[in-house]
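Printed here is structure_4.cif (mmCIF, C-alpha atoms and all ligand atoms):
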data_target
#
loop_
_atom_site.group_PDB
_atom_site.id
_atom_site.type_symbol
_atom_site.label_atom_id
_atom_site.label_comp_id
_atom_site.auth_asym_id
_atom_site.auth_seq_id
_atom_site.Cartn_x
_atom_site.Cartn_y
_atom_site.Cartn_z
ATOM 1 C CA MET A 88 26.089 19.999 3.108
ATOM 2 C CA PHE A 89 22.616 18.963 4.251
ATOM 3 C CA THR A 90 22.063 16.035 6.613
ATOM 4 C CA ILE A 91 18.833 14.274 7.498
ATOM 5 C CA SER A 92 18.130 11.155 9.486
ATOM 6 C CA LYS A 93 15.224 8.863 10.160
ATOM 7 C CA GLN A 94 14.788 6.244 12.835
ATOM 8 C CA PHE A 95 13.294 2.812 12.316
ATOM 9 C CA THR A 96 12.636 0.067 14.818
ATOM 10 C CA PHE A 97 12.406 -3.672 14.906
ATOM 11 C CA SER A 98 12.420 -6.315 17.612
ATOM 12 C CA ALA A 99 14.444 -9.477 17.405
ATOM 13 C CA SER A 100 16.385 -12.056 19.338
ATOM 14 C CA HIS A 101 19.997 -12.995 18.855
ATOM 15 C CA GLN A 102 22.915 -14.711 20.474
ATOM 16 C CA LEU A 103 26.595 -13.930 20.043
ATOM 17 C CA GLU A 104 27.867 -17.460 19.772
ATOM 18 C CA GLN A 105 31.461 -16.380 19.164
ATOM 19 C CA LEU A 106 31.736 -15.133 22.750
ATOM 20 C CA PRO A 107 32.734 -17.231 25.759
ATOM 21 C CA PRO A 108 29.729 -18.757 27.544
ATOM 22 C CA GLU A 109 30.211 -16.579 30.624
ATOM 23 C CA HIS A 110 29.635 -13.437 28.527
ATOM 24 C CA GLN A 111 26.012 -12.326 28.915
ATOM 25 C CA CYS A 112 25.670 -11.692 25.173
ATOM 26 C CA ALA A 113 26.421 -15.347 24.495
ATOM 27 C CA ARG A 114 23.043 -16.189 26.003
ATOM 28 C CA LEU A 115 19.842 -15.992 23.985
ATOM 29 C CA HIS A 116 18.302 -12.530 24.427
ATOM 30 C CA GLY A 117 16.484 -9.845 22.493
ATOM 31 C CA HIS A 118 16.478 -6.145 21.752
ATOM 32 C CA ASN A 119 14.118 -3.474 20.568
ATOM 33 C CA TYR A 120 16.518 -2.277 17.918
ATOM 34 C CA VAL A 121 16.588 1.322 16.740
ATOM 35 C CA VAL A 122 18.132 1.856 13.312
ATOM 36 C CA GLU A 123 19.016 5.350 12.173
ATOM 37 C CA LEU A 124 19.589 6.095 8.513
ATOM 38 C CA ILE A 125 21.721 9.184 7.927
ATOM 39 C CA LEU A 126 21.648 10.815 4.496
ATOM 40 C CA GLN A 127 23.543 13.792 3.123
ATOM 41 C CA ALA A 128 23.495 15.918 -0.012
ATOM 42 C CA GLU A 129 25.272 19.021 -1.217
ATOM 43 C CA GLU A 130 22.214 20.059 -3.208
ATOM 44 C CA LEU A 131 18.530 19.601 -2.472
ATOM 45 C CA ASP A 132 16.064 18.066 -4.880
ATOM 46 C CA GLU A 133 13.329 20.059 -6.608
ATOM 47 C CA ASN A 134 11.159 19.772 -3.485
ATOM 48 C CA GLY A 135 13.838 21.074 -1.154
ATOM 49 C CA PHE A 136 14.650 17.652 0.308
ATOM 50 C CA VAL A 137 17.805 15.565 0.697
ATOM 51 C CA VAL A 138 15.469 12.590 0.242
ATOM 52 C CA ASP A 139 11.719 12.578 0.849
ATOM 53 C CA TYR A 140 11.198 10.568 4.050
ATOM 54 C CA LEU A 141 8.281 8.846 2.323
ATOM 55 C CA ASP A 142 10.712 7.410 -0.216
ATOM 56 C CA LEU A 143 12.467 5.510 2.575
ATOM 57 C CA LYS A 144 9.480 3.235 3.061
ATOM 58 C CA PRO A 145 11.195 0.260 1.380
ATOM 59 C CA PHE A 146 13.758 0.329 4.175
ATOM 60 C CA LYS A 147 11.010 -0.047 6.758
ATOM 61 C CA MET A 148 9.471 -2.849 4.701
ATOM 62 C CA PHE A 149 12.819 -4.618 4.505
ATOM 63 C CA LEU A 150 13.271 -4.446 8.287
ATOM 64 C CA ASP A 151 9.690 -5.605 8.878
ATOM 65 C CA GLU A 152 9.899 -8.504 6.474
ATOM 66 C CA GLU A 153 13.442 -9.737 7.020
ATOM 67 C CA LEU A 154 14.409 -8.901 10.609
ATOM 68 C CA ASP A 155 11.406 -8.007 12.752
ATOM 69 C CA HIS A 156 10.434 -10.717 15.241
ATOM 70 C CA ARG A 157 13.093 -13.059 13.889
ATOM 71 C CA HIS A 158 16.022 -14.800 15.493
ATOM 72 C CA LEU A 159 18.800 -12.864 13.790
ATOM 73 C CA ASN A 160 21.226 -15.774 13.903
ATOM 74 C CA ASP A 161 18.831 -17.634 11.596
ATOM 75 C CA VAL A 162 18.524 -14.896 8.989
ATOM 76 C CA LEU A 163 21.894 -13.116 8.915
ATOM 77 C CA PRO A 164 25.061 -14.844 7.650
ATOM 78 C CA PHE A 165 27.442 -13.131 10.073
ATOM 79 C CA PRO A 166 27.873 -12.665 13.847
ATOM 80 C CA THR A 167 24.922 -10.485 14.777
ATOM 81 C CA THR A 168 26.714 -7.643 16.531
ATOM 82 C CA ALA A 169 25.273 -4.148 16.173
ATOM 83 C CA GLU A 170 28.404 -3.243 14.192
ATOM 84 C CA ASN A 171 27.837 -5.971 11.609
ATOM 85 C CA ILE A 172 24.116 -5.228 11.374
ATOM 86 C CA ALA A 173 24.921 -1.559 10.757
ATOM 87 C CA ARG A 174 27.247 -2.445 7.865
ATOM 88 C CA PHE A 175 24.720 -4.866 6.385
ATOM 89 C CA LEU A 176 21.928 -2.275 6.501
ATOM 90 C CA TYR A 177 24.247 0.462 5.191
ATOM 91 C CA ARG A 178 25.040 -1.610 2.104
ATOM 92 C CA TRP A 179 21.380 -2.420 1.508
ATOM 93 C CA ALA A 180 20.347 1.229 1.822
ATOM 94 C CA LYS A 181 23.324 2.677 -0.081
ATOM 95 C CA GLU A 182 22.352 0.701 -3.192
ATOM 96 C CA ARG A 183 18.953 2.378 -3.172
ATOM 97 C CA TRP A 184 19.775 5.872 -1.921
ATOM 98 C CA PRO A 185 23.270 7.129 -2.801
ATOM 99 C CA GLN A 186 22.746 9.919 -0.267
ATOM 100 C CA VAL A 187 23.119 7.433 2.594
ATOM 101 C CA THR A 188 26.309 8.207 4.491
ATOM 102 C CA ALA A 189 25.922 6.184 7.682
ATOM 103 C CA VAL A 190 23.733 3.724 9.509
ATOM 104 C CA ARG A 191 23.497 3.482 13.277
ATOM 105 C CA VAL A 192 22.142 0.481 15.108
ATOM 106 C CA SER A 193 21.170 0.781 18.738
ATOM 107 C CA GLU A 194 20.414 -2.176 20.953
ATOM 108 C CA THR A 195 19.899 -0.186 24.147
ATOM 109 C CA PRO A 196 19.163 3.481 24.917
ATOM 110 C CA LYS A 197 22.798 3.978 25.941
ATOM 111 C CA THR A 198 24.600 2.364 23.034
ATOM 112 C CA TRP A 199 24.888 2.519 19.284
ATOM 113 C CA ALA A 200 27.206 1.242 16.605
ATOM 114 C CA GLU A 201 27.707 3.117 13.356
ATOM 115 C CA TYR A 202 28.967 2.078 9.951
ATOM 116 C CA ARG A 203 30.126 4.602 7.395
ATOM 117 C CA GLU A 204 32.670 4.414 4.604
ATOM 118 C CA ASN A 205 35.822 6.458 4.866
ATOM 119 C CA ARG A 206 36.049 9.091 2.216
HETATM 120 ZN ZN ZN A 301 22.381 -8.392 22.135
#
Rewrite the structure of this file - the entire thing - as structure tokens.
Ligand SMILES: [Zn+2]
Amino acid sequence: MFTISKQFTFSASHQLEQLPPEHQCARLHGHNYVVELILQAEELDENGFVVDYLDLKPFKMFLDEELDHRHLNDVLPFPTTAENIARFLYRWAKERWPQVTAVRVSETPKTWAEYRENR
């Protein structure tokens, strides 16, 4: 099994309105998000790749156009936790690249949340 990954970044604000007001994440704040796409394949393509990194450009365009420098609460129809964002981006990417096996979303250098489907 081959595994590759690529990191993408975007910056955005959000607010976890479901939390009690004394929780710091309930206040308006922002992150420089790092999103990692993880892709796997048993066999390589004719070029020796799992997926050509260049072919992942639509993912970067999607992040740039839909999420970058936005208030995530305005553009995403769910509580904007890293966990939920990871699942949302996994589903978007999985439709385009079946080799996607997980998406990680990091809000800080010390934390990440991952979504992958159980198999
Ligand atoms: Zn946050």
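Under the PyMOL selection byres (((chain A and resi 104-112) around 12) and not hetatm), the matching residues in the shown file are Ser100, His101, Gln102, Leu103, Ala113, Arg114, Leu115, His116, Gly117, His118, Leu159, Asn160, Phe165, Pro166, Thr167, Thr168, Ala169 and Glu194 of chain A.
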Practice prompt. Please provide as a list of chain:residue names all residues within 7 Å of segment 172-178 of chain A, with the sequence filter that same-chain residues fewer than 6 positions apart are discarded (counting all atoms listed in the file).
Written response: A:Ala189, A:Val190, A:Arg191, A:Val192, A:Ala200, A:Glu201, A:Tyr202
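Interatomic distance, atom CA of Gln186 of chain A to atom CA of Leu126 of chain A: 5.0 Å.
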Item to complete: Using atom CA of Thr198 of chain A and atom CA of Phe89 of chain A as the two end points, give the distance in Å to one decimal.
Response: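 That distance, rounded to one decimal, is 25.1 Å.
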Practice prompt. Kindly give the distance, in Å, that separates atom CA of Leu143 of chain A and atom ZN of ligand ZN 301 (chain A), rounded to a single decimal.
Written response: 26.0 Å
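With all atoms listed in the file as the atoms that count, the residue of A:Asp142, A:Thr96, A:Leu163, A:Met148 with the shortest distance to Val122 of chain A is A:Thr96.
Comparing A:Glu204, A:Phe146, A:Leu131, A:Ser193 by their smallest distance to ligand ZN 301 (chain A), the closest is A:Ser193 (using all atoms listed in the file).
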Discussion item. So, with only C-alpha atoms as the atoms that count, which of A:Lys93, A:His158, A:Lys181, A:Arg203 lies closest to Leu141 of chain A?
Written reply: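 Nearest candidate to Leu141 of chain A out of A:Lys93, A:His158, A:Lys181, A:Arg203: A:Lys93.
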Worksheet entry | the PyMOL selection byres (((chain A and resi 92) around 10) and not hetatm) applied to the shown file, residues as a ChimeraX atom specification | /A:90-91,93-94,123-127,137-138,140,187,189-190
Could you list, as a compact mmCIF listing (two decimals) with C-alpha atoms, keeping the file's coordinate frame, every residue within 6 Å of segment 150-155 of chain A, counting only C-alpha atoms and ignoring same-chain residues fewer than 2 positions away?
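The result, written out as part37.txt:
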# COMPACT_ATOMS: atom_id res chain seq x y z
CA PHE A 97 12.41 -3.67 14.91
CA SER A 98 12.42 -6.32 17.61
CA ALA A 99 14.44 -9.48 17.40
CA LYS A 147 11.01 -0.05 6.76
CA MET A 148 9.47 -2.85 4.70
CA ARG A 157 13.09 -13.06 13.89
